[in-house]
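For reference, the structure is listed below as structure tokens.
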Amino acid sequence: MRNELRRVRNIGILAHVDAGKTTTTERILFATGATYKQGEVHDGTTVTDFDQQERNRGITIFAAAVSVDWDGHRINLIDTPGHVDFADEVERSLRVLDGAVAVFDGVAGVEPQSESVWRQADRYGVPRIAFVNKLDRAGADLGAAVASIRDRLGVTPLVVQAPIGAEGGFAGVADLTGPSGLPQRAQLVEQVAELHAGALEEYVETGDLSPDTLRRALREITLAGAGVVVLCGSAYRDKGITELLDAVVAYLPSPLDTAAPADPGAPFAALVFKVHAATTGRYAYARVYAGTLPKGTDVLLSTAGRHERVSRVLHVQADRYTDVDRAVAGDIVALVGLKHARVGETLCDPAHPVVLEPPSRAAPVVSVAVEARSRADTGRLATALARLVEEDPSLVVRVDAETGQTLLSGLGELHLEVAVEKMRLANHGLPIAVGRPQVAYRETLVRGVTGFYHRLVKQDGGAGLYAHVAIDVSPVDGEEFVFESTVVGGHVAKEYVRAVEAGCRDALAAGPVAGYPVTGVKVTLTDGRMHDHDSSDLAFRLAGREALRLALRESQMVLLEPVAEVTVTVPEDMVGGVLGDLLARRGQVGGTAVRGATVVVTATVPLAELFGYATRLRSRTQGRGVFTTRPAGYAPAPSGVSVR
């Protein structure tokens, strides 16, 4: 079984939107014999972009899993979205992958979202190799793309191929890891010798590295994250794809090479990273980390505390499923029968409970009001929203306490647009009214208060409520909320200190400026008083909540608005109008760079000012301008900004 696991690769394909990620996946499927016709994004015939919206829009929206066989190895591959609005889909995939291929545009190099997904992979320690794509395009430059990998990602690129021809004359790639007289090989050998002790020893003795030593060192460097192997090609013209597959097998890890190696003999443990509710059933996608799961087995959902039976185990090929008898450590499968499994849920042997770390989740930044167009469809809408959030936990549904409206919140305008359309398509044209998008503001401290005292006393017969608290409130960078206690002398019991903290957290739900959640606050409990009979957890929780609520009113507060880093690529003669428009949207231009006949403008713009920007940019540039965004955190909003 361990020998079989050594021949498994669980990898993802990561990229900025339009870098050619899905086309690369399609060529891999074709090269390995998994398909007999090359799918094309522009024709809507791809295997992994099988959803109707993906084909209509020409972008990947939902992560799709496929498996291929290459050189005696099984490669389980997840094609991930490249648009920033679907970054959480990438996050959930990276949590269960062992390695990844990062695809870069040979003209643009490292783009904003490719940098973002690279950082996501860094958080999970996922080893990567790079594929510089589209070398057949005018303006493609492998050297410039490699320089951007080094400069923007802060890694050491190890180029293992040399392109044959350039732009329209690009004809393929030459391998630098085997014997060759190409000058680029000497540079590769020197780089590897600097990064690998064993290779350095051979290099000092012989002045060169044998192909076996070079490839072995490249693998070890990749697994350690000390450098990144760089390949090149043109997926659209089917150049460099078989060499990319060879590199996946040679350099990326098997399930046995990870920090927690797969163990088929251990008690069963798996993590659910995707839920898909289709007309044919409910599928929970899971990565098996340990043990074996035969179909018909009872498992424990350790987070939910439920027992459920896995009725079917399925091998996944995009939107097609094949029944298998069992799943073993290292597998990525779909499971049927788990009605209560959610994304991030741990599945395990009931006799050996364990909780695996779930993928992190981004906070929503944009909301829209949704309602059924007729009272008769209200129930259908509620059901559709529940299913939507079940499949995509980065979406949040809540009811506004003031207006009574149902609000759907997500990671961007496109994210919400896709979600609403998905509800319509999945519910036979369910008529839904959608309000104007609203951004998720926050409030924070500029200057706090010290020695703020609050006294809660309620004694009207029976058990009373008694709690005195004194708090200091101050700003804190990089944290949502920090609480500490410096109370001495037993003035407040430990259990009541925890109740004060809980009350303070309650108060953070609505700030004094405009009722938005408060962030960046440190509360220090400095003193307090208890009563022998009337003090309780409830009393101190209520006192903590009211103390912080009133203290924030006495503090200097500021409204925060979400901002985005915007990268706009436009023809050189249209830059002036684009810059003026960005400034009118309260944008702060960070810089411009000439790239051939176009100019790339980077700016930081409030998210609220970007609604409708795509249409405006097309109009200003006669359809020739394109832009991308990525979250850039929060910034103070100027006074007078309308937040409703």
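Chain labels follow the order of the structure tokens: the first chain is A, the next B, and so on; residue numbering restarts at 1 in every chain, and ligands are counted from 1 in their shown order.
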
Just list the residues in region 391-559 of chain A DSSP gives strand (DSSP E or B) on the backbone, as a PyMOL selection string.
chain A and resi 396-399+406-410+432-434+438-439+442-447+449-458+465-475+481-485+518-519+521-529+556-559

Smallest atom-to-atom distance to Val17 (chain A): which of A:Leu407, A:Ile59, A:Leu209, A:Ala224, using only C-alpha atoms?
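For Val17 (chain A), the nearest of the given residues is A:Ile59.
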
Identify, on the basis of only C-alpha atoms, every residue whose closest approach to Val8 (chain A) does not exceed 9 Å; exclude the query and any residue fewer than 2 positions from it along the same chain; express the result as a PyMOL selection string.
chain A and resi 4-6+10+73-76+249+253-255+330-331

Check the smallest atom-to-atom distance from each of A:Leu445, A:Leu293, A:Ala15, A:Leu182 to Ile332 (chain A) using only C-alpha atoms, then report the winner.
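Using only C-alpha atoms, Ile332 (chain A) sits closest to A:Leu293.
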
Can you tell me, as a list in words, what residues are no more than 8 Å from region 19-29 of chain A when counting only C-alpha atoms, ignoring any on the same chain fewer than 6 positions away?
Ile13, Thr35, Gln38, Gly39, Glu40, Val41, Thr46, Val47, Thr48, Asp49, Thr60, Val68, Asp79, Val103, Phe104, Asp105, Asn133, Lys134, Ala235, Tyr236, Asp238, Ile241, Thr242 and Leu245 of chain A

Those same residues - N, CA and C atoms - I'd like them written as a short mmCIF file (atom, residue, chain, number, x, y, z; two decimals), in the first residue's frame.
data_model
loop_
_atom_site.label_atom_id
_atom_site.label_comp_id
_atom_site.auth_asym_id
_atom_site.auth_seq_id
_atom_site.Cartn_x
_atom_site.Cartn_y
_atom_site.Cartn_z
N ILE A 13 -4.22 23.20 -9.62
CA ILE A 13 -3.75 24.13 -10.65
C ILE A 13 -4.18 25.52 -10.19
N THR A 35 -9.29 12.15 -21.93
CA THR A 35 -10.27 12.62 -22.91
C THR A 35 -9.72 12.35 -24.31
N GLN A 38 -9.74 17.68 -27.37
CA GLN A 38 -9.28 18.80 -26.56
C GLN A 38 -10.42 19.78 -26.34
N GLY A 39 -10.76 20.01 -25.05
CA GLY A 39 -11.78 20.99 -24.71
C GLY A 39 -11.24 22.40 -24.79
N GLU A 40 -12.09 23.35 -25.18
CA GLU A 40 -11.67 24.75 -25.32
C GLU A 40 -12.59 25.64 -24.50
N VAL A 41 -11.98 26.57 -23.75
CA VAL A 41 -12.75 27.50 -22.93
C VAL A 41 -13.68 28.33 -23.79
N THR A 46 -15.05 22.52 -22.21
CA THR A 46 -14.08 22.00 -21.26
C THR A 46 -14.72 20.99 -20.32
N VAL A 47 -13.88 20.09 -19.79
CA VAL A 47 -14.36 19.07 -18.86
C VAL A 47 -14.56 19.64 -17.47
N THR A 48 -13.57 20.43 -16.98
CA THR A 48 -13.64 20.90 -15.60
C THR A 48 -14.54 22.11 -15.42
N ASP A 49 -14.69 22.95 -16.43
CA ASP A 49 -15.66 24.05 -16.37
C ASP A 49 -16.97 23.55 -16.96
N THR A 60 -13.43 29.94 -14.60
CA THR A 60 -13.67 28.89 -13.60
C THR A 60 -14.26 29.53 -12.36
N VAL A 68 -6.01 11.48 -13.47
CA VAL A 68 -5.37 10.98 -14.69
C VAL A 68 -4.24 10.04 -14.30
N ASP A 79 -8.80 21.66 -10.43
CA ASP A 79 -8.72 22.91 -11.19
C ASP A 79 -9.46 23.97 -10.37
N VAL A 103 0.32 28.51 -12.62
CA VAL A 103 0.39 28.87 -14.04
C VAL A 103 0.49 30.39 -14.15
N PHE A 104 1.47 30.87 -14.92
CA PHE A 104 1.66 32.30 -15.11
C PHE A 104 1.58 32.64 -16.60
N ASP A 105 1.04 33.80 -16.90
CA ASP A 105 0.97 34.31 -18.27
C ASP A 105 2.38 34.74 -18.69
N ASN A 133 3.14 30.03 -19.09
CA ASN A 133 2.29 29.66 -20.23
C ASN A 133 2.26 30.77 -21.29
N LYS A 134 1.69 30.47 -22.41
CA LYS A 134 1.41 31.43 -23.48
C LYS A 134 2.69 32.04 -24.08
N ALA A 235 0.00 26.03 -23.48
CA ALA A 235 -1.04 25.01 -23.33
C ALA A 235 -1.96 24.99 -24.54
N TYR A 236 -2.30 26.16 -25.05
CA TYR A 236 -3.23 26.22 -26.18
C TYR A 236 -2.68 25.48 -27.40
N ASP A 238 -0.46 23.12 -27.15
CA ASP A 238 -0.05 21.79 -26.68
C ASP A 238 1.47 21.63 -26.67
N ILE A 241 3.32 20.29 -22.33
CA ILE A 241 2.37 19.65 -21.42
C ILE A 241 2.90 18.30 -20.90
N THR A 242 3.43 17.48 -21.79
CA THR A 242 3.96 16.19 -21.31
C THR A 242 5.15 16.41 -20.39
N LEU A 245 3.79 17.22 -17.00
CA LEU A 245 3.37 16.00 -16.30
C LEU A 245 4.57 15.26 -15.72
#
